[in-house]
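For reference, structure38.cif is printed below; it contains mmCIF, C-alpha atoms.
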```
data_start
#
loop_
_atom_site.label_atom_id
_atom_site.label_comp_id
_atom_site.auth_asym_id
_atom_site.auth_seq_id
_atom_site.Cartn_x
_atom_site.Cartn_y
_atom_site.Cartn_z
CA MET A 1 -29.19 -1.15 22.61
CA THR A 2 -25.88 -2.35 24.03
CA ALA A 3 -25.45 -4.80 21.14
CA ILE A 4 -25.95 -2.06 18.54
CA VAL A 5 -23.55 0.26 20.32
CA ILE A 6 -20.90 -2.48 20.37
CA GLU A 7 -21.46 -3.26 16.67
CA ILE A 8 -21.09 0.41 15.72
CA PHE A 9 -17.99 0.60 17.92
CA LEU A 10 -16.37 -2.35 16.09
CA ILE A 11 -17.17 -0.95 12.64
CA ALA A 12 -15.77 2.40 13.78
CA ILE A 13 -12.45 0.75 14.70
CA LEU A 14 -12.22 -0.52 11.12
CA ALA A 15 -13.17 2.93 9.79
CA GLY A 16 -10.43 4.52 11.88
CA ILE A 17 -7.80 2.08 10.63
CA VAL A 18 -8.78 2.50 6.96
CA GLY A 19 -9.20 6.26 7.22
CA SER A 20 -5.90 6.89 8.95
CA ILE A 21 -3.91 4.76 6.51
CA LEU A 22 -5.44 6.23 3.34
CA GLY A 23 -5.95 9.83 4.44
CA LEU A 24 -9.68 9.65 3.79
CA GLY A 25 -10.96 10.41 7.26
CA GLY A 26 -13.17 7.38 7.87
CA GLY A 27 -16.41 8.84 6.54
CA ILE A 28 -16.09 6.49 3.59
CA VAL A 29 -16.83 3.55 5.93
CA VAL A 30 -19.05 5.17 8.55
CA THR A 31 -21.69 6.78 6.31
CA PRO A 32 -22.60 3.70 4.25
CA ALA A 33 -22.34 1.40 7.29
CA LEU A 34 -24.75 3.47 9.35
CA THR A 35 -27.27 4.02 6.57
CA LEU A 36 -27.18 0.54 5.04
CA LEU A 37 -26.59 -1.70 8.08
CA PHE A 38 -28.37 0.25 10.80
CA GLY A 39 -30.93 2.22 8.82
CA VAL A 40 -29.72 5.52 10.25
CA ASP A 41 -31.12 8.67 8.61
CA ILE A 42 -28.63 10.12 6.08
CA ASN A 43 -28.26 13.45 7.92
CA HIS A 44 -27.54 11.67 11.18
CA ALA A 45 -25.08 9.39 9.38
CA ILE A 46 -23.25 12.42 7.96
CA GLY A 47 -23.22 13.94 11.45
CA ALA A 48 -21.58 10.78 12.81
CA SER A 49 -19.18 10.65 9.87
CA LEU A 50 -18.05 14.22 10.64
CA ILE A 51 -17.27 13.00 14.15
CA SER A 52 -15.33 10.11 12.60
CA VAL A 53 -13.35 12.50 10.39
CA ILE A 54 -12.36 14.59 13.39
CA ALA A 55 -11.47 11.52 15.44
CA THR A 56 -9.38 10.05 12.60
CA SER A 57 -7.67 13.37 12.02
CA SER A 58 -6.74 14.06 15.63
CA GLY A 59 -6.19 10.43 16.62
CA SER A 60 -3.76 9.66 13.81
CA ALA A 61 -2.07 13.09 13.96
CA VAL A 62 -0.74 12.42 17.46
CA ALA A 63 1.56 9.71 16.06
CA TYR A 64 2.01 11.11 12.54
CA ILE A 65 3.15 14.51 13.78
CA ARG A 66 5.37 13.06 16.51
CA ASP A 67 7.03 10.82 13.92
CA ARG A 68 7.22 13.75 11.48
CA ILE A 69 5.21 12.04 8.74
CA THR A 70 2.70 14.90 8.68
CA ASN A 71 3.96 18.04 7.02
CA VAL A 72 2.34 20.57 9.35
CA ARG A 73 3.47 23.58 7.33
CA VAL A 74 2.12 22.26 4.05
CA GLY A 75 -1.10 21.27 5.82
CA MET A 76 -1.71 24.64 7.41
CA PHE A 77 -0.82 26.51 4.24
CA LEU A 78 -3.25 24.43 2.18
CA GLU A 79 -5.99 24.71 4.80
CA ILE A 80 -6.55 28.24 3.50
CA ALA A 81 -7.48 26.76 0.12
CA THR A 82 -9.74 24.00 1.49
CA THR A 83 -11.65 26.23 3.91
CA VAL A 84 -12.29 28.93 1.30
CA GLY A 85 -13.21 26.20 -1.16
CA ALA A 86 -15.70 24.69 1.30
CA ILE A 87 -17.52 28.00 1.64
CA THR A 88 -17.55 28.47 -2.12
CA GLY A 89 -18.94 24.97 -2.60
CA ALA A 90 -21.71 25.47 -0.08
CA PHE A 91 -22.81 28.65 -1.83
CA LEU A 92 -22.49 27.12 -5.28
CA ALA A 93 -24.73 24.28 -4.14
CA ALA A 94 -27.54 26.78 -3.68
CA LEU A 95 -26.96 28.39 -7.08
CA ILE A 96 -26.37 25.65 -9.58
CA ALA A 97 -27.28 22.08 -10.25
CA PRO A 98 -24.16 20.15 -9.41
CA ASN A 99 -24.62 17.52 -12.16
CA PHE A 100 -21.81 18.54 -14.42
CA LEU A 101 -19.54 19.29 -11.46
CA TYR A 102 -19.94 15.69 -10.37
CA TYR A 103 -18.71 14.65 -13.80
CA ILE A 104 -15.76 17.06 -13.76
CA PHE A 105 -14.62 15.88 -10.36
CA ALA A 106 -15.15 12.26 -11.31
CA LEU A 107 -12.93 12.78 -14.36
CA LEU A 108 -10.29 14.48 -12.23
CA LEU A 109 -10.35 11.50 -9.88
CA LEU A 110 -10.04 9.03 -12.74
CA TYR A 111 -7.15 11.05 -14.15
CA SER A 112 -5.30 10.91 -10.85
CA ALA A 113 -6.06 7.23 -10.45
CA TYR A 114 -4.36 6.85 -13.83
CA ALA A 115 -1.44 9.05 -12.68
CA MET A 116 -1.11 6.86 -9.60
CA VAL A 117 -1.15 3.67 -11.66
CA LYS A 118 1.62 5.16 -13.79
CA LYS A 119 3.69 5.78 -10.67
CA GLY A 120 3.30 2.07 -10.00
CA LYS A 121 6.22 0.78 -8.08
CA GLU A 122 7.81 4.12 -7.28
CA GLU A 123 8.44 4.17 -3.52
CA ILE A 124 9.65 7.72 -3.12
CA PRO A 125 9.41 10.58 -5.65
CA VAL A 126 12.79 11.31 -7.20
CA ASN A 127 14.25 14.42 -8.84
CA VAL A 128 11.51 16.70 -7.58
CA PRO A 129 12.52 20.37 -7.81
CA GLN A 130 11.76 22.66 -4.87
CA HIS A 131 9.16 25.22 -6.01
CA PRO A 132 10.15 28.85 -5.20
CA VAL A 133 7.07 29.32 -2.97
CA ALA A 134 7.88 26.07 -1.17
CA GLU A 135 11.40 27.38 -0.62
CA LYS A 136 10.12 30.66 0.75
CA LEU A 137 7.64 29.05 3.15
CA GLY A 138 9.98 26.25 4.15
CA LEU A 139 7.60 23.53 2.96
CA GLY A 140 10.10 20.78 2.20
CA GLY A 141 10.52 18.10 4.80
CA GLU A 142 12.15 14.98 6.11
CA TYR A 143 10.86 11.86 7.84
CA TYR A 144 12.05 8.44 8.86
CA ASP A 145 10.40 5.76 6.74
CA LYS A 146 9.93 2.67 8.90
CA ALA A 147 9.19 0.42 5.92
CA LEU A 148 12.38 1.44 4.09
CA GLY A 149 14.44 1.88 7.25
CA LYS A 150 15.90 5.21 6.24
CA ASN A 151 15.44 8.96 6.35
CA ILE A 152 13.59 10.47 3.41
CA THR A 153 14.19 14.10 2.51
CA TYR A 154 11.73 15.53 0.03
CA ASN A 155 10.97 18.69 -1.92
CA VAL A 156 7.58 20.18 -2.70
CA ASP A 157 6.83 21.07 -6.32
CA ARG A 158 4.02 22.87 -8.19
CA VAL A 159 2.63 24.72 -5.18
CA TYR A 160 0.13 26.74 -7.24
CA GLU A 161 -1.39 23.67 -8.88
CA GLY A 162 -1.56 21.91 -5.52
CA PHE A 163 -3.23 24.95 -3.96
CA GLY A 164 -5.74 24.99 -6.84
CA VAL A 165 -6.63 21.32 -6.46
CA MET A 166 -6.95 21.83 -2.69
CA TYR A 167 -9.38 24.63 -3.37
CA GLY A 168 -11.23 22.12 -5.56
CA ALA A 169 -11.15 19.63 -2.67
CA GLY A 170 -12.80 22.26 -0.49
CA VAL A 171 -15.44 22.97 -3.14
CA VAL A 172 -16.14 19.25 -3.43
CA SER A 173 -16.64 18.90 0.32
CA GLY A 174 -18.91 21.95 0.47
CA LEU A 175 -20.85 21.05 -2.64
CA LEU A 176 -21.05 17.28 -2.72
CA GLY A 177 -20.09 16.35 0.82
CA ILE A 178 -18.07 13.35 -0.35
CA GLY A 179 -14.61 12.46 -1.50
CA SER A 180 -12.67 15.50 -0.34
CA GLY A 181 -9.98 13.35 1.26
CA SER A 182 -9.14 11.69 -2.03
CA PHE A 183 -8.67 15.12 -3.65
CA LYS A 184 -6.39 16.25 -0.85
CA VAL A 185 -4.18 13.20 -1.20
CA MET A 186 -4.21 13.69 -4.97
CA ALA A 187 -3.19 17.36 -4.71
CA MET A 188 -0.13 16.47 -2.65
CA ASP A 189 0.83 13.14 -4.21
CA VAL A 190 0.12 13.75 -7.91
CA PHE A 191 0.55 17.52 -8.20
CA MET A 192 3.02 18.56 -5.51
CA LYS A 193 4.94 15.30 -5.86
CA MET A 194 5.22 14.69 -2.15
CA PRO A 195 5.80 11.17 -0.78
CA LEU A 196 2.51 9.23 -0.55
CA LYS A 197 2.77 8.65 3.20
CA VAL A 198 3.31 12.34 3.83
CA SER A 199 0.34 13.09 1.57
CA THR A 200 -2.12 10.77 3.35
CA ALA A 201 -0.95 11.82 6.83
CA THR A 202 -1.18 15.51 5.93
CA SER A 203 -4.59 15.02 4.32
CA ASN A 204 -5.87 13.50 7.56
CA PHE A 205 -4.31 16.30 9.57
CA MET A 206 -6.07 18.97 7.48
CA MET A 207 -9.46 17.31 7.40
CA GLY A 208 -10.17 17.74 11.10
CA VAL A 209 -10.34 21.51 10.84
CA THR A 210 -12.96 21.77 8.10
CA ALA A 211 -14.94 18.93 9.64
CA ALA A 212 -14.95 20.74 12.99
CA ALA A 213 -16.77 23.74 11.53
CA SER A 214 -19.30 21.46 9.81
CA ALA A 215 -19.72 19.35 12.94
CA GLY A 216 -20.48 22.47 14.96
CA ILE A 217 -23.33 23.28 12.59
CA TYR A 218 -24.64 19.70 12.57
CA PHE A 219 -24.45 19.61 16.36
CA LEU A 220 -26.57 22.73 16.80
CA ARG A 221 -29.05 21.35 14.26
CA GLY A 222 -29.41 18.19 16.34
CA ASP A 223 -27.97 15.98 13.60
CA ILE A 224 -25.22 14.56 15.79
CA ILE A 225 -27.01 11.81 17.71
CA PRO A 226 -25.06 11.24 20.95
CA VAL A 227 -25.77 7.52 21.33
CA ILE A 228 -24.67 6.80 17.73
CA SER A 229 -21.77 9.24 17.64
CA ALA A 230 -20.25 8.12 20.95
CA PRO A 231 -19.29 4.59 19.83
CA VAL A 232 -18.20 6.04 16.46
CA ALA A 233 -15.88 8.51 18.20
CA LEU A 234 -14.39 5.92 20.56
CA GLY A 235 -13.95 3.22 17.91
CA VAL A 236 -12.41 5.59 15.40
CA LEU A 237 -9.99 7.04 17.95
CA ILE A 238 -8.75 3.52 18.72
CA GLY A 239 -8.69 2.54 15.03
CA ALA A 240 -6.81 5.68 14.01
CA THR A 241 -4.17 5.06 16.66
CA ILE A 242 -3.69 1.51 15.37
CA GLY A 243 -3.80 2.64 11.72
CA ALA A 244 -1.13 5.29 12.27
CA ARG A 245 1.21 2.50 13.41
CA ILE A 246 0.34 0.12 10.58
CA MET A 247 0.71 2.76 7.85
CA GLN A 248 4.26 3.64 8.81
CA ARG A 249 5.32 0.05 8.26
CA LEU A 250 3.58 -0.30 4.91
CA LYS A 251 5.36 0.32 1.64
CA SER A 252 4.04 3.28 -0.35
CA LYS A 253 3.24 1.03 -3.28
CA THR A 254 1.02 -1.09 -1.01
CA ILE A 255 -0.86 1.99 0.17
CA ARG A 256 -1.20 3.09 -3.45
CA LYS A 257 -2.65 -0.30 -4.39
CA LEU A 258 -5.33 0.16 -1.73
CA PHE A 259 -5.91 3.75 -2.73
CA ILE A 260 -6.45 3.42 -6.49
CA PRO A 261 -9.57 1.19 -6.40
CA ILE A 262 -11.11 3.46 -3.76
CA MET A 263 -10.54 6.51 -5.99
CA ILE A 264 -12.19 4.72 -8.89
CA TYR A 265 -15.07 3.72 -6.60
CA ILE A 266 -15.57 7.33 -5.46
CA ALA A 267 -15.38 8.53 -9.08
CA PHE A 268 -18.17 6.16 -10.12
CA GLN A 269 -20.18 7.09 -7.06
CA MET A 270 -19.94 10.71 -8.20
CA ILE A 271 -20.97 9.88 -11.75
CA TYR A 272 -23.91 7.92 -10.35
CA GLN A 273 -25.00 10.82 -8.15
CA GLY A 274 -24.54 13.27 -11.02
CA TRP A 275 -26.81 11.06 -13.08
CA GLY A 276 -29.51 11.11 -10.44
CA ALA A 277 -29.19 14.78 -9.44
CA MET B 278 19.84 29.24 2.52
CA GLY B 279 22.86 28.27 4.63
CA GLU B 280 23.01 24.82 6.11
CA GLN B 281 23.16 26.17 9.64
CA GLN B 282 20.14 28.35 9.06
CA GLN B 283 18.25 25.39 7.63
CA ALA B 284 19.11 23.23 10.64
CA LYS B 285 17.90 25.99 12.96
CA ARG B 286 14.68 26.28 11.03
CA GLN B 287 14.12 22.53 11.30
CA ASP B 288 14.70 22.60 15.06
CA ARG B 289 12.15 25.34 15.45
CA ALA B 290 9.70 23.50 13.25
CA ALA B 291 10.15 20.40 15.41
CA GLU B 292 9.21 22.38 18.54
CA VAL B 293 5.98 23.56 16.95
CA GLU B 294 5.15 20.01 15.94
CA ILE B 295 5.80 18.56 19.38
CA ALA B 296 3.52 21.22 20.89
CA ILE B 297 0.73 20.35 18.43
CA SER B 298 1.11 16.59 18.93
CA LYS B 299 0.94 16.92 22.73
CA MET B 300 -2.07 19.21 22.56
CA LEU B 301 -3.91 16.80 20.28
CA ARG B 302 -3.18 13.90 22.61
CA ILE B 303 -4.57 15.79 25.60
CA GLY B 304 -7.66 16.72 23.57
CA ILE B 305 -8.52 13.23 22.38
CA VAL B 306 -7.74 11.49 25.68
CA LEU B 307 -9.93 13.96 27.57
CA ALA B 308 -12.74 13.75 25.01
CA GLY B 309 -12.48 9.95 24.92
CA LEU B 310 -12.68 9.59 28.70
CA VAL B 311 -15.72 11.85 29.00
CA ILE B 312 -17.49 9.98 26.17
CA VAL B 313 -16.70 6.59 27.77
CA LEU B 314 -18.04 7.83 31.10
CA GLY B 315 -21.29 9.06 29.59
CA LEU B 316 -21.76 6.01 27.37
CA VAL B 317 -21.14 3.52 30.20
CA MET B 318 -23.57 5.44 32.41
CA PHE B 319 -26.15 5.34 29.64
CA LEU B 320 -25.75 1.63 28.94
CA VAL B 321 -25.70 0.62 32.63
CA THR B 322 -28.63 2.74 33.77
CA GLY B 323 -30.49 2.61 30.45
CA ASP B 324 -31.53 6.17 31.19
CA SER B 325 -30.54 9.04 28.91
CA GLY B 326 -32.04 11.58 31.29
CA TYR B 327 -34.29 12.94 28.55
CA PRO B 328 -37.69 11.80 27.27
CA GLY B 329 -37.61 9.33 24.37
CA ASP B 330 -34.90 9.88 21.80
CA THR B 331 -34.55 13.58 22.51
CA PHE B 332 -31.35 15.26 23.64
CA PRO B 333 -30.28 18.85 24.25
CA THR B 334 -28.53 20.77 21.44
CA SER B 335 -27.75 24.07 23.11
CA LEU B 336 -24.83 24.70 25.43
CA PRO B 337 -26.87 25.95 28.47
CA GLU B 338 -29.12 22.87 28.32
CA ILE B 339 -26.12 20.56 28.07
CA ILE B 340 -24.37 22.23 31.00
CA GLN B 341 -27.55 21.90 33.03
CA GLY B 342 -27.74 18.23 32.06
CA ILE B 343 -24.14 17.62 33.15
CA MET B 344 -24.89 19.22 36.54
CA GLN B 345 -27.75 16.74 36.92
CA LEU B 346 -25.41 13.92 35.81
CA LYS B 347 -27.53 13.02 32.80
CA SER B 348 -25.65 10.43 30.75
CA VAL B 349 -26.43 11.84 27.29
CA ALA B 350 -25.41 15.35 28.33
CA ILE B 351 -22.05 13.93 29.44
CA ILE B 352 -21.61 12.14 26.09
CA GLU B 353 -22.36 15.41 24.33
CA ALA B 354 -19.78 17.25 26.42
CA GLY B 355 -17.20 14.70 25.26
CA LEU B 356 -18.26 15.11 21.63
CA ILE B 357 -17.96 18.89 21.95
CA LEU B 358 -14.44 18.46 23.33
CA LEU B 359 -13.62 16.25 20.37
CA ILE B 360 -15.04 18.76 17.87
CA LEU B 361 -13.09 21.59 19.49
CA THR B 362 -9.76 19.71 19.42
CA PRO B 363 -8.82 20.67 15.81
CA VAL B 364 -9.84 24.27 16.46
CA PHE B 365 -7.62 24.40 19.55
CA ARG B 366 -4.93 22.84 17.40
CA VAL B 367 -4.92 25.88 15.12
CA PHE B 368 -4.74 28.18 18.17
CA VAL B 369 -1.85 26.24 19.66
CA SER B 370 0.03 26.32 16.35
CA MET B 371 -0.56 30.04 16.10
CA PHE B 372 1.02 30.63 19.51
CA ALA B 373 3.81 28.19 18.76
CA PHE B 374 4.56 30.05 15.53
CA ILE B 375 4.53 33.38 17.41
CA HIS B 376 6.98 31.88 19.87
CA GLU B 377 9.19 30.74 16.98
CA LYS B 378 8.90 34.18 15.35
CA ASP B 379 7.59 32.55 12.18
CA TYR B 380 5.24 35.37 11.27
CA ARG B 381 4.21 34.08 7.85
CA PHE B 382 2.70 31.06 9.53
CA VAL B 383 1.18 33.13 12.34
CA LEU B 384 -0.67 34.96 9.60
CA ILE B 385 -1.68 31.69 7.91
CA SER B 386 -3.04 30.33 11.22
CA ILE B 387 -5.05 33.50 11.82
CA LEU B 388 -6.42 33.38 8.29
CA VAL B 389 -7.58 29.77 8.75
CA LEU B 390 -9.28 30.66 12.04
CA VAL B 391 -11.05 33.64 10.47
CA ILE B 392 -12.29 31.58 7.51
CA LEU B 393 -13.48 28.82 9.85
CA GLY B 394 -15.29 31.35 12.03
CA LEU B 395 -16.87 32.84 8.94
CA SER B 396 -18.06 29.51 7.57
CA PHE B 397 -19.44 28.52 10.96
CA ALA B 398 -21.27 31.85 11.22
CA LEU B 399 -22.67 31.46 7.72
CA GLY B 400 -23.74 27.94 8.63
CA LYS B 401 -22.27 26.68 5.40
CA VAL B 402 -19.39 24.28 5.26
CA GLY B 403 -18.64 20.96 3.74
CA ALA B 404 -18.02 17.54 5.18
#
```

I'd like the structure from this file rewritten - as C-alpha cells, please.
Amino acid sequence: MTAIVIEIFLIAILAGIVGSILGLGGGIVVTPALTLLFGVDINHAIGASLISVIATSSGSAVAYIRDRITNVRVGMFLEIATTVGAITGAFLAALIAPNFLYYIFALLLLYSAYAMVKKGKEEIPVNVPQHPVAEKLGLGGEYYDKALGKNITYNVDRVYEGFGVMYGAGVVSGLLGIGSGSFKVMAMDVFMKMPLKVSTATSNFMMGVTAAASAGIYFLRGDIIPVISAPVALGVLIGATIGARIMQRLKSKTIRKLFIPIMIYIAFQMIYQGWGA
Amino acid sequence: MGEQQQAKRQDRAAEVEIAISKMLRIGIVLAGLVIVLGLVMFLVTGDSGYPGDTFPTSLPEIIQGIMQLKSVAIIEAGLILLILTPVFRVFVSMFAFIHEKDYRFVLISILVLVILGLSFALGKVGA
C-alpha cells in the first residue's frame, strides 16, 4: 500500500507542475495515470482528478495572485460564463448525443492551435485595443514578467467573444468532462488577446471553483476515494507550488510550444470519443 | 479615466488580491496538514478504521470518525477543507470587494456563488 501511495504522490507532483504551467488543472495527467497505471475505476479517477484540479488551482494561485500574474477580475467575471455553461452542458448531456459536439469542439481546438502557431514567436500581444466592457469593469492589468525582466501592461479585447468561448468551456466540462482548461486558455489568449502567462494563470484560478462544486457531488457519491485522493492532493499541491515558480521564468513562446501539441492531442481525443459515442 | 483615479483603482485591486492570496494559502496549508496527518496515521497503523475498502461519505459519519481518531475520516476532513477552499475564496473576494466599494464585482461574486449553489443542488456540474 505504502509503495502505491508514494508512486501516486510522485505522479501527482508532475501533474501539479504541468497543470500549473499550462493552465490545465492537472486532470490531464492524473486521470490517465490512475486508470492506465493503477487500474483505478474511471469514476474514482475523475474524482481524484477533480481534487487535483482544485489543488492545482489553489496551490498555484497563491503565487500567481501575489505576483499579479492572475487577473482576478477577468477570472471572476468569466466564472459566470463557465459555471452557467457547466450546468447547461450537464443538462444537454441528458438530452442529446454529444457526438457532433465532440467534433465541433475538436475543430475549435484545432483552430486555436492554428491561431497559436501563427502567433509563433510573439512574446507579448501588441496593439491590443481595450474593449469598452473591459474599460468599464477595469479588466486590463499589469504584471512583472520575470523571463523578460520588465513590467507588462496589457489591454483586454473582444470581451463578448471571450465570454462566449468561456461559456463553451463550461459546456464542454459539463458535457464531456474533459479539456475545459484548454478552452479557457484559448478564450483569453486567442480571443481576448491577453498575455499567455496571464491566460494560463487565470484559467487555473477559475478552474478551482467549478471543480469544487463537482467534487462536492463526487464526494457525497463516494467517488472520491480517500486513500487515492490524499497522495494526489499532497503531490499536486507541492507540484503546483513548484510549477508556479517555473512558469514565471519561462518565455511565453516556450509555454506555447508545450501547449500546442497538448491542444492537438485533446482535439484528437475528442474526435476519438465522438467516434465511439 | 484620470491617471490618479486609475492608480487608486489599482491600489484597491491589489488589496483584494492580497486578501485572496493569503486566504488561499491558509486554506491549502491547513488542508495539506490534515491530509498528511491522516495519511501518515493510515500508513503507519495500516488501519483505516472502517471495514474493508469502505469509508464514510456523510458529514455526521465523518465527524464521528474524527472524534474516534479514524485515519480515513481525518483524510476526508482534509479533502473537504481542500474542496471548500475555492468556495471560501469567492466569499473572501466578495467581502473584499464590498470593502473596496466595488459593487459591480460584489454582484459578480454573488452571482457566481448562486450559480455554484444551484449546480451543486441540481447535482449536475462538469469537471

* To do: Write out as number ranges by chain the residues lying within 12 Å of stretch 388-402 of chain B, counting all atoms listed in the file and excluding same-chain residues fewer than 4 positions away.
  => A: 50, 75-94, 170-177, 206, 208-221; B: 363-371, 381-384

* Could you tell me which of B:Ser348, B:Asp324, B:Glu353, B:Glu292 comes closest to chain A if we count only C-alpha atoms? => B:Glu353

* For the structure provided, state which residues fall under the PyMOL selection byres ((chain A and resi 236) around 7), and present them as a PyMOL selection string. => chain A and resi 12-13+15-16+52+55-56+232-235+237-240

* By how many Å are atom CA of A:Pro195 and atom CA of A:Ile124 apart? -> 5.7 Å

Written as a PDB file with C-alpha atoms, in the frame of the given file, which residues does the PyMOL selection byres ((chain B and resi 334) around 10) give for the file shown?
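Result went into out_15.pdb, see below:
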```
ATOM      1  CA  TYR A 218     -24.640  19.700  12.570  1.00  0.00           C
ATOM      2  CA  PHE A 219     -24.450  19.610  16.360  1.00  0.00           C
ATOM      3  CA  LEU A 220     -26.570  22.730  16.800  1.00  0.00           C
ATOM      4  CA  ARG A 221     -29.050  21.350  14.260  1.00  0.00           C
ATOM      5  CA  GLY A 222     -29.410  18.190  16.340  1.00  0.00           C
ATOM      6  CA  ASP A 223     -27.970  15.980  13.600  1.00  0.00           C
ATOM      7  CA  ILE A 224     -25.220  14.560  15.790  1.00  0.00           C
ATOM      8  CA  ILE A 225     -27.010  11.810  17.710  1.00  0.00           C
TER       9      ILE A 225
ATOM     10  CA  THR B 331     -34.550  13.580  22.510  1.00  0.00           C
ATOM     11  CA  PHE B 332     -31.350  15.260  23.640  1.00  0.00           C
ATOM     12  CA  PRO B 333     -30.280  18.850  24.250  1.00  0.00           C
ATOM     13  CA  SER B 335     -27.750  24.070  23.110  1.00  0.00           C
ATOM     14  CA  LEU B 336     -24.830  24.700  25.430  1.00  0.00           C
ATOM     15  CA  PRO B 337     -26.870  25.950  28.470  1.00  0.00           C
ATOM     16  CA  GLU B 338     -29.120  22.870  28.320  1.00  0.00           C
ATOM     17  CA  ILE B 339     -26.120  20.560  28.070  1.00  0.00           C
ATOM     18  CA  ALA B 350     -25.410  15.350  28.330  1.00  0.00           C
ATOM     19  CA  GLU B 353     -22.360  15.410  24.330  1.00  0.00           C
TER      20      GLU B 353
END
```

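Counting only C-alpha atoms and comparing B:Gly309, B:Lys347, B:Asp379, B:Ile387, the residue that lies closest to chain A is B:Gly309.
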
* Quick one, how far is atom CA of B:Leu301 from atom CA of B:Ala354? -> 17.0 Å

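Proximity of B:Ile385, B:Leu358, B:Ile303, B:Ile375 to chain A, computed with only C-alpha atoms, is greatest for B:Ile385.
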
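Here the question is which of A:Gln248, A:Ser20, A:Ser203, A:Ser180 gets nearest to chain B using only C-alpha atoms, and that residue is A:Ser180.
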
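For the pair atom CA of B:Pro328 and atom CA of A:Met1, the separation is 16.2 Å.
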
* Identify all residues satisfying the PyMOL selection byres ((chain A and resi 183) around 12) in the given file; provide them as JSON, numbers by chain. => {"A": [22, 23, 24, 82, 105, 106, 107, 108, 109, 110, 111, 112, 113, 162, 163, 164, 165, 166, 167, 168, 169, 170, 171, 172, 173, 178, 179, 180, 181, 182, 184, 185, 186, 187, 188, 189, 190, 191, 199, 200, 203, 204, 207, 259, 262, 263, 266, 267]}

* Asked: Which residues, protein or nucleic acid, reach to within 6 Å of (-19.7, 10.5, 28.0) in the file's coordinates when using only C-alpha atoms, and can you give that as a VMD selection string?
  -> chain B and resid 311 to 316 351 to 352 355

* To do: Find the residue from A:Tyr64, A:Tyr160, A:Phe205, A:Tyr102 that sits nearest to A:Gly25; use only C-alpha atoms when measuring.
  => A:Phe205

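Candidate residues A:Leu10, A:Ile4, A:Ala230, A:Ala115 were compared for distance to chain B, and the nearest is A:Ala230, using only C-alpha atoms.
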
* Non-local contacts of A:Ile152 (9 Å; only C-alpha atoms; under 2 positions in same chain excluded) as a PyMOL selection string -> chain A and resi 124+141-145+150+154+195
